[in-house]
Structures are given as structure tokens and as C-alpha cells.
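Q: Shown below is the structure under consideration.
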Amino acid sequence: MEQNQETPLLTRRSLLVATAMGSAAILIGRRALAYDVVINPTAPELGDTISVIATPRTPASNQPIVTVNDSTEYPTFAFGNGQYRALIPTSPLDPPGRMVIRVIGTGETRNLAVGLKNRNFPIQRITLSPNRRSLGTQHEFDRVAAFRALVSPDRHWNGAMQRPNSGRISTQYGVRRYYNGVFSQDYYHRGLDYAAPTGSPVLSPAAGRIVLVGRVADGFELHGNTIGIDHGQGVLSIMIHLSRIDVNEGDRVQPGQVIGAVGNTGASTGPHLHWGLYVNGVCVDPAPWLAGRF
Ligand SMILES: [Zn+2]
């Protein structure tokens, strides 16, 4: 898989690189390297987005790719002064512990080790009727899956995202569930819920392009009325259970623009906005994005 020979990770000297901003990464090994790499945050926990910024040491360096644990590849995009950045998502489903991040360029690979910290998420216990019909149509699932896979090259967001509704948060990111006493390995709350009355405005958290509009009438019986926003470079917002949709597919939206209204459509037990933030196909914790870390 690698283009060059790498010595085992632990036999090489460690090097601490700190930037003026105070971020730091433990770099394993040092020789004539093609990139300087900074990873942020240095001590990520489940749900965090991990930024990997590679600075070419020579103009000959090409755009690198980034892999995690040799199993998943993430794209990099031009970032600032000739740098490249990849955004690595994590979620409550990831195993905590050592992650090996490789930055692979032409002829050179950087290996970096990051410890992904465990995090305790709140637990819900749900009782389901055995006769319950599962909601959702194939059309709905196909459209949402295609939305989540979208990675477009232009970055539309700029700085901190803003909260998409003024209501209080009624369900946090990452909540895990037991159904009828059995822990659900696959479930975590993929977003933030804001409790607000039907009709309360839903705002775009950042600039972007509307790439998904789904309505109950078109088969969105699980998500309800839905808006998907492409913020670029694999960063996407989905807003579900809406009562009203004010945008069309293809529209460009600005941060804070009203795009629809809170509702109770789809599989919802009361009026609220569910906002899911996806990075390269994985729903991440929006908190660091609301804090402007990317
Ligand atoms: Zn929700």
C-alpha cells in the first residue's frame, strides 16, 4: 500500500512540533521529509473532527493523501499558504485508542500516532412495540446515502458555524440507546436536537449550497421534510422534521439565512429541529465547529 519503505513506528525518534497557535502533534521519526504535519486537536475524543495540515517542505511536493489505520483514505484540499488539509471524522462507534495517521506524498510518508480518547455519552432506554412498523422508503434512503457521500472541492464555510435554531438543546450529540433492554451497537444520536415550536425559523449554520430537498409527500416518511446543505470538502448539514422548506436544490445559502421552519414531520415525537453535521460521511459532534475550530 505504501510507496516507500517505512521503519516500524516505535523504533524512530519522536519529535514535538508546536505552532504559534499552540497546537502540537507528536511526529514519529525524523529524516528528509516532504511534509511538516500538524494534527489538531492533539488529544481528540470520540465525536471530534481531527484536522491534519500538511506543509510541503519543497515546491516539488504534490498534494498528499491521508489514511487512518491503513483502512480509510481521506482527501486533502489546498489550505492557506501552499498547505493541504484533511478532515478526519470520529464518532461514538470508533474504538478508542491508538490511531495511525499516514500522510502519503510522492516518495515520502509521514506516520503519526494519535490517541483517541473514550467519552461517556448519555444513555436512553427505549421500549418498542413488537408490532411497530419500521419507517423509511428506499427513495428516502437512497437520496440520504447519496447526500452523505458527497465531497465537493470548494470550501463554502468560513470560521465558526452558528446555531441553526434559538431553542434549547433537548438531545445532545452521541446519545446511545438500549432498545427493550438490548444495547444498540449501531445507534448513536447523529446530531443535535433543538426544542422549538412548529414554525420557529431554521437557519443555515454556514454558507453552502442546497443539494437535498426531501418532502414527506415524496417518501421522506422517516426524516420528514428535509434539507441537505453542502458546505464543501465533505462537510454537510442535514436538517430534518421540518414543517416548511424555503429553499430549492441548487440554491446558494449564507450563514444565518432562514431556510425553513421547525416541525414534527417524519419519525418525531414533538416539534424540534434535528441538525446532523457530517464530515466525510460520518456524523461528528458539531460543538468544535460551533466554536470555530475549522
Ligand atoms: Zn435528533
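Each chain of the C-alpha cells is named A, B, ... in the order shown, its residues numbered from 1; ligands are numbered from 1 in display order.
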Can you list every residue of chain A that has an atom at most 7 Å from ligand 1, with its nearest atom pair and the distance in Å to one decimal, using only C-alpha atoms and all ligand atoms, ordered by chain then number, as JSON lines?
A:
{"residue": "A:Thr171", "atom": "CA", "partner": "ligand 1", "partner_atom_place_in_ligand_line": "1 (Zn)", "distance": 6.6}
{"residue": "A:His189", "atom": "CA", "partner": "ligand 1", "partner_atom_place_in_ligand_line": "1 (Zn)", "distance": 6.1}
{"residue": "A:Arg190", "atom": "CA", "partner": "ligand 1", "partner_atom_place_in_ligand_line": "1 (Zn)", "distance": 6.7}
{"residue": "A:Gly191", "atom": "CA", "partner": "ligand 1", "partner_atom_place_in_ligand_line": "1 (Zn)", "distance": 5.7}
{"residue": "A:Leu192", "atom": "CA", "partner": "ligand 1", "partner_atom_place_in_ligand_line": "1 (Zn)", "distance": 5.7}
{"residue": "A:Asp193", "atom": "CA", "partner": "ligand 1", "partner_atom_place_in_ligand_line": "1 (Zn)", "distance": 4.7}
{"residue": "A:His274", "atom": "CA", "partner": "ligand 1", "partner_atom_place_in_ligand_line": "1 (Zn)", "distance": 4.4}
{"residue": "A:Trp275", "atom": "CA", "partner": "ligand 1", "partner_atom_place_in_ligand_line": "1 (Zn)", "distance": 7.0}
Q: Taking only stretch 1-222 of chain A into account, list the residues labelled helix (DSSP H, G or I) by DSSP (computed from the backbone), as a list in words.
A: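 Those in stretch 1-222 of chain A that DSSP calls helix (DSSP H, G or I) are Leu9, Leu10, Thr11, Gln138, His139, Glu140, Phe141, Asp142, Arg143, Val144, Ala145, Ala146, Phe147, Arg148, Val216, Ala217 and Asp218 of chain A.
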Q: For stretch 78-81 of chain A, please output as a list in words all residues within 12 Å (counting only C-alpha atoms; exclusion window: fewer than 2 positions along the same chain).
A: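 Surrounding residues, per the criterion: Ser51, Val52, Ile53, Ala54, Thr55, Pro56, Arg57, Pro59, Asn62, Gln63, Pro64, Ile65, Pro75, Thr76, Gln83, Tyr84, Arg85, Ala86, Leu87, Pro153, Asp154, Arg155, Gln233 and Phe294 of chain A.
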Q: For N, CA and C atoms, I'd like the residues from the last selection saved as a tab-separated table (two decimals), in the first residue's frame.
A:
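Ended up saving to again.tsv:
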chain	number	residue	atom	x	y	z
A	51	SER	N	-8.21	17.64	12.41
A	51	SER	CA	-7.63	18.36	11.28
A	51	SER	C	-6.18	17.93	11.11
A	52	VAL	N	-5.81	17.59	9.88
A	52	VAL	CA	-4.43	17.21	9.56
A	52	VAL	C	-3.94	18.21	8.51
A	53	ILE	N	-2.98	19.05	8.90
A	53	ILE	CA	-2.47	20.06	7.97
A	53	ILE	C	-1.04	19.70	7.59
A	54	ALA	N	-0.82	19.54	6.29
A	54	ALA	CA	0.50	19.17	5.77
A	54	ALA	C	1.09	20.36	5.03
A	55	THR	N	2.31	20.73	5.41
A	55	THR	CA	3.01	21.82	4.75
A	55	THR	C	4.17	21.23	3.96
A	56	PRO	N	4.14	21.35	2.63
A	56	PRO	CA	5.24	20.79	1.84
A	56	PRO	C	6.55	21.51	2.15
A	57	ARG	N	7.62	20.73	2.28
A	57	ARG	CA	8.93	21.33	2.54
A	57	ARG	C	9.60	21.80	1.28
A	59	PRO	N	8.86	22.79	-3.05
A	59	PRO	CA	7.79	23.06	-4.01
A	59	PRO	C	7.44	21.84	-4.85
A	62	ASN	N	3.75	17.06	-4.07
A	62	ASN	CA	2.41	17.05	-4.64
A	62	ASN	C	1.37	16.97	-3.54
A	63	GLN	N	0.12	17.09	-3.93
A	63	GLN	CA	-0.97	17.00	-2.98
A	63	GLN	C	-0.97	15.62	-2.33
A	64	PRO	N	-0.88	15.55	-1.00
A	64	PRO	CA	-0.83	14.24	-0.34
A	64	PRO	C	-2.22	13.64	-0.16
A	65	ILE	N	-2.24	12.38	0.16
A	65	ILE	CA	-3.47	11.78	0.69
A	65	ILE	C	-3.21	11.39	2.13
A	75	PRO	N	-9.50	12.71	1.57
A	75	PRO	CA	-8.94	13.66	0.62
A	75	PRO	C	-8.30	14.84	1.34
A	76	THR	N	-7.32	15.45	0.70
A	76	THR	CA	-6.79	16.72	1.20
A	76	THR	C	-7.19	17.82	0.22
A	83	GLN	N	-0.41	24.95	1.82
A	83	GLN	CA	-0.63	23.81	2.69
A	83	GLN	C	-1.80	22.97	2.18
A	84	TYR	N	-1.91	21.78	2.75
A	84	TYR	CA	-3.03	20.90	2.44
A	84	TYR	C	-3.66	20.45	3.75
A	85	ARG	N	-4.99	20.28	3.72
A	85	ARG	CA	-5.68	19.86	4.94
A	85	ARG	C	-6.62	18.70	4.65
A	86	ALA	N	-6.62	17.73	5.54
A	86	ALA	CA	-7.64	16.67	5.54
A	86	ALA	C	-8.41	16.78	6.85
A	87	LEU	N	-9.71	16.48	6.79
A	87	LEU	CA	-10.55	16.47	7.99
A	87	LEU	C	-10.99	15.03	8.24
A	153	PRO	N	-15.25	20.05	-4.13
A	153	PRO	CA	-13.92	20.62	-3.87
A	153	PRO	C	-13.91	21.99	-3.20
A	154	ASP	N	-14.90	22.81	-3.41
A	154	ASP	CA	-14.83	24.19	-2.91
A	154	ASP	C	-15.31	24.28	-1.47
A	155	ARG	N	-14.55	25.01	-0.65
A	155	ARG	CA	-14.94	25.22	0.74
A	155	ARG	C	-15.84	26.44	0.83
A	233	GLN	N	-16.06	20.27	0.55
A	233	GLN	CA	-14.94	19.45	1.04
A	233	GLN	C	-15.39	18.37	2.01
A	294	PHE	N	-12.48	25.08	12.83
A	294	PHE	CA	-12.10	24.70	11.46
A	294	PHE	C	-12.40	25.81	10.49
Q: Using only C-alpha atoms, what does the table of stretch 85-191 of chain A residues within 8 Å of stretch 223-231 of chain A look like, with each row giving the shortest atom pair and its distance in Å to one decimal, sorted by chain and ascending number, as a Markdown table?
A:
| residue | atom | partner | partner_atom | distance |
| --- | --- | --- | --- | --- |
| A:Gly136 | CA | A:His223 | CA | 7.8 |
| A:Phe147 | CA | A:Gly228 | CA | 7.3 |
| A:Leu150 | CA | A:Asp230 | CA | 7.9 |
| A:Ser152 | CA | A:Asp230 | CA | 7.9 |
| A:Arg155 | CA | A:His231 | CA | 6.4 |
| A:His156 | CA | A:His231 | CA | 5.1 |
| A:Trp157 | CA | A:His231 | CA | 5.7 |
Q: Keeping N, CA and C atoms, export the residues of the selection given above as an mmCIF file, in the first residue's frame.
A:
data_model
loop_
_atom_site.group_PDB
_atom_site.id
_atom_site.type_symbol
_atom_site.label_atom_id
_atom_site.label_comp_id
_atom_site.auth_asym_id
_atom_site.auth_seq_id
_atom_site.Cartn_x
_atom_site.Cartn_y
_atom_site.Cartn_z
ATOM 1 N N GLY A 136 -39.532 4.559 6.643
ATOM 2 C CA GLY A 136 -38.490 4.867 5.674
ATOM 3 C C GLY A 136 -38.764 4.192 4.349
ATOM 4 N N PHE A 147 -26.431 11.843 -0.515
ATOM 5 C CA PHE A 147 -26.085 13.123 0.111
ATOM 6 C C PHE A 147 -24.864 12.968 1.016
ATOM 7 N N LEU A 150 -21.340 12.849 -0.520
ATOM 8 C CA LEU A 150 -20.906 13.965 -1.354
ATOM 9 C C LEU A 150 -19.621 14.615 -0.819
ATOM 10 N N SER A 152 -17.421 17.750 -2.375
ATOM 11 C CA SER A 152 -17.201 18.703 -3.469
ATOM 12 C C SER A 152 -15.983 19.563 -3.131
ATOM 13 N N ARG A 155 -14.546 25.006 -0.654
ATOM 14 C CA ARG A 155 -14.943 25.221 0.744
ATOM 15 C C ARG A 155 -15.842 26.444 0.825
ATOM 16 N N HIS A 156 -17.071 26.251 1.330
ATOM 17 C CA HIS A 156 -18.012 27.372 1.444
ATOM 18 C C HIS A 156 -18.038 27.948 2.852
ATOM 19 N N TRP A 157 -17.792 27.100 3.877
ATOM 20 C CA TRP A 157 -17.869 27.639 5.239
ATOM 21 C C TRP A 157 -16.635 28.466 5.524
#
Q: Measuring between only C-alpha atoms, which one of A:Ser184, A:Thr72, A:Gln138, A:Asn158 shows the shortest distance to A:Ile126?
A: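 That would be A:Ser184, the residue with the smallest distance to A:Ile126.
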Q: I'd like the contact shell of A:Gly292 - 12 Å cut-off, only C-alpha atoms, skipping same-chain residues fewer than 3 positions apart - returned as a ChimeraX atom specification.
A: /A:49,157-163,205-206,286-289
Q: So that I have them on file, write out the residues from the current selection with N, CA and C atoms, as a PDB file, in the first residue's frame.
A:
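Here's the written file selection.pdb:
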ATOM      1  N   THR A  49     -13.721  16.047  15.246  1.00  0.00           N
ATOM      2  CA  THR A  49     -13.138  16.097  13.914  1.00  0.00           C
ATOM      3  C   THR A  49     -11.654  16.380  14.091  1.00  0.00           C
ATOM      4  N   TRP A 157     -17.792  27.100   3.877  1.00  0.00           N
ATOM      5  CA  TRP A 157     -17.869  27.639   5.239  1.00  0.00           C
ATOM      6  C   TRP A 157     -16.635  28.466   5.524  1.00  0.00           C
ATOM      7  N   ASN A 158     -16.800  29.403   6.448  1.00  0.00           N
ATOM      8  CA  ASN A 158     -15.693  30.286   6.789  1.00  0.00           C
ATOM      9  C   ASN A 158     -15.809  30.642   8.263  1.00  0.00           C
ATOM     10  N   GLY A 159     -14.953  30.070   9.070  1.00  0.00           N
ATOM     11  CA  GLY A 159     -14.980  30.352  10.506  1.00  0.00           C
ATOM     12  C   GLY A 159     -16.082  29.568  11.202  1.00  0.00           C
ATOM     13  N   ALA A 160     -16.477  30.101  12.373  1.00  0.00           N
ATOM     14  CA  ALA A 160     -17.404  29.373  13.242  1.00  0.00           C
ATOM     15  C   ALA A 160     -18.755  29.186  12.564  1.00  0.00           C
ATOM     16  N   MET A 161     -19.311  27.992  12.721  1.00  0.00           N
ATOM     17  CA  MET A 161     -20.704  27.786  12.336  1.00  0.00           C
ATOM     18  C   MET A 161     -21.597  28.408  13.402  1.00  0.00           C
ATOM     19  N   GLN A 162     -22.840  28.695  13.029  1.00  0.00           N
ATOM     20  CA  GLN A 162     -23.761  29.260  14.011  1.00  0.00           C
ATOM     21  C   GLN A 162     -24.917  28.309  14.263  1.00  0.00           C
ATOM     22  N   ARG A 163     -25.473  28.412  15.453  1.00  0.00           N
ATOM     23  CA  ARG A 163     -26.565  27.500  15.804  1.00  0.00           C
ATOM     24  C   ARG A 163     -27.733  27.735  14.855  1.00  0.00           C
ATOM     25  N   PRO A 205     -26.378  26.960   9.190  1.00  0.00           N
ATOM     26  CA  PRO A 205     -25.277  27.187  10.137  1.00  0.00           C
ATOM     27  C   PRO A 205     -24.029  27.769   9.492  1.00  0.00           C
ATOM     28  N   ALA A 206     -23.957  27.688   8.163  1.00  0.00           N
ATOM     29  CA  ALA A 206     -22.781  28.197   7.443  1.00  0.00           C
ATOM     30  C   ALA A 206     -23.183  28.349   5.979  1.00  0.00           C
ATOM     31  N   PRO A 286     -21.036  18.609  16.485  1.00  0.00           N
ATOM     32  CA  PRO A 286     -20.946  19.976  15.955  1.00  0.00           C
ATOM     33  C   PRO A 286     -20.229  20.961  16.875  1.00  0.00           C
ATOM     34  N   ALA A 287     -20.050  20.607  18.160  1.00  0.00           N
ATOM     35  CA  ALA A 287     -19.538  21.593  19.115  1.00  0.00           C
ATOM     36  C   ALA A 287     -18.235  22.263  18.672  1.00  0.00           C
ATOM     37  N   PRO A 288     -17.210  21.512  18.227  1.00  0.00           N
ATOM     38  CA  PRO A 288     -15.981  22.189  17.803  1.00  0.00           C
ATOM     39  C   PRO A 288     -16.180  23.073  16.559  1.00  0.00           C
ATOM     40  N   TRP A 289     -17.168  22.737  15.761  1.00  0.00           N
ATOM     41  CA  TRP A 289     -17.475  23.556  14.581  1.00  0.00           C
ATOM     42  C   TRP A 289     -18.175  24.831  14.996  1.00  0.00           C
TER      43      TRP A 289
END
Q: Pick from A:Gly260, A:Gly208, A:Gly47, A:Pro130: nearest to A:Ile88, with only C-alpha atoms counted?
A: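 Going through A:Gly260, A:Gly208, A:Gly47, A:Pro130 one by one, the smallest distance to A:Ile88 is for A:Gly47.
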Q: Which residue gives the smallest distance to A:Tyr188 among A:Ile104, A:Leu273, A:Leu93, A:Leu46, with only C-alpha atoms counted?
A: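 Under the stated criterion, the closest residue is A:Leu93.
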Q: Can you measure atom CA of A:Ala149 to atom CA of A:Tyr74 for me? One decimal in Å is fine.
A: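 We find that atom CA of A:Ala149 and atom CA of A:Tyr74 lie 12.3 Å from each other.
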Q: At a cut-off of 6 Å, using only C-alpha atoms, what residues contact stretch 245-249 of chain A? Leave out same-chain residues fewer than 4 positions from it and give the result as a list of chain:residue names.
A: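 So the residues in contact are A:Ile210, A:Val211, A:Leu212, A:Ile259, A:Gly260.
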Q: To one decimal place, how far is atom CA of A:Glu140 from atom CA of A:Ile169 in Å?
A: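 One can read the atom CA of A:Glu140 to atom CA of A:Ile169 distance as 26.2 Å.
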Q: Considering only C-alpha atoms, return as JSON, numbers by chain whatever protein or nucleic-acid residues lie within 12 Å of A:Leu242, sequence-local ones (same chain, fewer than 5 positions apart) excluded.
A: {"A": [165, 194, 196, 197, 198, 199, 200, 201, 202, 203, 213, 214, 215, 216, 220, 221, 222, 223, 224, 225, 226, 227, 228, 259, 260, 261, 262, 263, 264, 265, 266, 267, 268, 270, 271, 272, 273, 274, 275]}
Q: Take the residues from that selection and put them in a file with N, CA and C atoms, as a compact mmCIF listing (two decimals), in the first residue's frame.
A:
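New file result.txt:
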# COMPACT_ATOMS: atom_id res chain seq x y z
N ASN A 165 -30.94 27.16 15.26
CA ASN A 165 -32.23 27.49 15.86
C ASN A 165 -31.97 28.02 17.25
N TYR A 194 -32.84 20.60 18.75
CA TYR A 194 -33.25 21.87 19.35
C TYR A 194 -34.75 21.82 19.53
N ALA A 196 -38.16 23.53 19.87
CA ALA A 196 -38.72 24.84 19.49
C ALA A 196 -40.10 24.59 18.91
N PRO A 197 -40.97 25.58 18.99
CA PRO A 197 -42.32 25.38 18.46
C PRO A 197 -42.32 25.26 16.94
N THR A 198 -43.34 24.58 16.44
CA THR A 198 -43.53 24.50 15.00
C THR A 198 -43.57 25.91 14.41
N GLY A 199 -42.82 26.11 13.35
CA GLY A 199 -42.77 27.42 12.70
C GLY A 199 -41.56 28.25 13.08
N SER A 200 -40.85 27.82 14.14
CA SER A 200 -39.64 28.55 14.55
C SER A 200 -38.60 28.47 13.43
N PRO A 201 -37.91 29.59 13.12
CA PRO A 201 -37.01 29.60 11.95
C PRO A 201 -35.84 28.62 12.09
N VAL A 202 -35.50 28.00 10.97
CA VAL A 202 -34.29 27.18 10.87
C VAL A 202 -33.30 27.93 9.99
N LEU A 203 -32.09 28.15 10.52
CA LEU A 203 -31.07 28.95 9.85
C LEU A 203 -29.97 28.04 9.32
N VAL A 213 -33.45 18.41 -1.09
CA VAL A 213 -34.74 18.79 -0.54
C VAL A 213 -35.62 17.55 -0.65
N GLY A 214 -36.07 17.06 0.49
CA GLY A 214 -36.93 15.87 0.51
C GLY A 214 -38.20 16.18 1.28
N ARG A 215 -39.30 15.71 0.76
CA ARG A 215 -40.59 16.00 1.42
C ARG A 215 -41.31 14.71 1.76
N VAL A 216 -42.12 14.79 2.80
CA VAL A 216 -42.93 13.64 3.21
C VAL A 216 -43.70 13.11 2.01
N PHE A 220 -40.28 10.79 2.18
CA PHE A 220 -39.41 11.02 3.34
C PHE A 220 -40.20 10.81 4.63
N GLU A 221 -40.63 9.55 4.86
CA GLU A 221 -41.51 9.30 6.00
C GLU A 221 -40.74 9.15 7.30
N LEU A 222 -39.42 8.86 7.24
CA LEU A 222 -38.61 8.75 8.46
C LEU A 222 -38.02 10.11 8.86
N HIS A 223 -37.35 10.76 7.92
CA HIS A 223 -36.72 12.06 8.20
C HIS A 223 -37.73 13.20 8.23
N GLY A 224 -38.88 12.98 7.59
CA GLY A 224 -39.81 14.09 7.40
C GLY A 224 -39.24 15.07 6.40
N ASN A 225 -39.82 16.26 6.37
CA ASN A 225 -39.33 17.27 5.42
C ASN A 225 -37.88 17.61 5.75
N THR A 226 -37.02 17.55 4.73
CA THR A 226 -35.57 17.52 4.94
C THR A 226 -34.85 18.50 4.02
N ILE A 227 -33.81 19.15 4.58
CA ILE A 227 -32.91 19.99 3.76
C ILE A 227 -31.48 19.50 3.99
N GLY A 228 -30.75 19.29 2.89
CA GLY A 228 -29.33 18.96 2.97
C GLY A 228 -28.50 20.08 2.38
N ILE A 259 -33.88 29.05 6.13
CA ILE A 259 -34.06 28.08 5.05
C ILE A 259 -35.34 27.27 5.21
N GLY A 260 -35.96 27.35 6.39
CA GLY A 260 -37.18 26.58 6.62
C GLY A 260 -37.66 26.82 8.03
N ALA A 261 -38.53 25.91 8.51
CA ALA A 261 -39.10 26.09 9.84
C ALA A 261 -39.18 24.74 10.56
N VAL A 262 -39.05 24.83 11.89
CA VAL A 262 -39.14 23.65 12.76
C VAL A 262 -40.51 23.00 12.62
N GLY A 263 -40.53 21.68 12.69
CA GLY A 263 -41.79 20.95 12.60
C GLY A 263 -41.72 19.64 13.35
N ASN A 264 -42.64 18.77 13.01
CA ASN A 264 -42.81 17.49 13.70
C ASN A 264 -43.12 16.41 12.67
N THR A 265 -42.49 16.53 11.49
CA THR A 265 -42.75 15.60 10.40
C THR A 265 -41.80 14.41 10.48
N GLY A 266 -42.19 13.31 9.90
CA GLY A 266 -41.37 12.10 9.95
C GLY A 266 -41.46 11.44 11.32
N ALA A 267 -40.43 10.64 11.67
CA ALA A 267 -40.42 9.92 12.95
C ALA A 267 -39.99 10.88 14.04
N SER A 268 -40.94 11.67 14.52
CA SER A 268 -40.67 12.70 15.52
C SER A 268 -41.79 12.68 16.54
N GLY A 270 -42.43 15.21 18.72
CA GLY A 270 -42.77 16.55 19.17
C GLY A 270 -41.97 17.52 18.32
N PRO A 271 -42.43 18.77 18.23
CA PRO A 271 -41.73 19.72 17.36
C PRO A 271 -40.28 19.93 17.81
N HIS A 272 -39.34 19.72 16.93
CA HIS A 272 -37.94 20.02 17.21
C HIS A 272 -37.18 20.03 15.89
N LEU A 273 -36.00 20.65 15.92
CA LEU A 273 -35.08 20.58 14.79
C LEU A 273 -33.99 19.57 15.11
N HIS A 274 -33.76 18.64 14.21
CA HIS A 274 -32.58 17.79 14.31
C HIS A 274 -31.58 18.28 13.27
N TRP A 275 -30.38 18.67 13.75
CA TRP A 275 -29.28 19.09 12.86
C TRP A 275 -28.18 18.05 12.94
Q: Pick out the residues sitting within 6 Å of A:Leu277, and hand them over as a short mmCIF file (atom, residue, chain, number, x, y, z; two decimals) with N, CA and C atoms, in the first residue's frame; count only C-alpha atoms, and ignore anything fewer than 6 positions along from it in its own chain.
A:
data_model
loop_
_atom_site.label_atom_id
_atom_site.label_comp_id
_atom_site.auth_asym_id
_atom_site.auth_seq_id
_atom_site.Cartn_x
_atom_site.Cartn_y
_atom_site.Cartn_z
N LEU A 236 -21.14 18.59 5.48
CA LEU A 236 -22.55 18.64 5.09
C LEU A 236 -23.43 18.80 6.31
N SER A 237 -24.53 19.56 6.15
CA SER A 237 -25.54 19.65 7.21
C SER A 237 -26.84 19.05 6.72
N CYS A 283 -21.20 11.31 10.94
CA CYS A 283 -21.81 12.39 11.73
C CYS A 283 -20.93 12.69 12.94
N VAL A 284 -20.42 13.91 12.99
CA VAL A 284 -19.49 14.33 14.04
C VAL A 284 -20.20 15.26 15.03
#
Q: Please report the interatomic distance between atom CA of A:Arg252 and atom CA of A:Ala207 in Å with one decimal.
A: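 For atom CA of A:Arg252 relative to atom CA of A:Ala207, the distance reads 7.5 Å.
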Q: Pick from A:Pro164, A:Gly174, A:Gly82, A:Gly256: nearest to A:Asp94, with only C-alpha atoms counted?
A: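 Counting only C-alpha atoms, the residue closest to A:Asp94 is A:Gly174.
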Q: List every residue of stretch 94-123 of chain A that DSSP, applied to the backbone, labels as strand (DSSP E), and write the result as a list in words.
A: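 The strand (DSSP E) subset of stretch 94-123 of chain A is Gly97, Arg98, Met99, Val100, Ile101, Arg102, Val103, Ile104, Thr109, Arg110, Asn111, Leu112, Ala113, Val114, Gly115, Leu116 and Ile123 of chain A.
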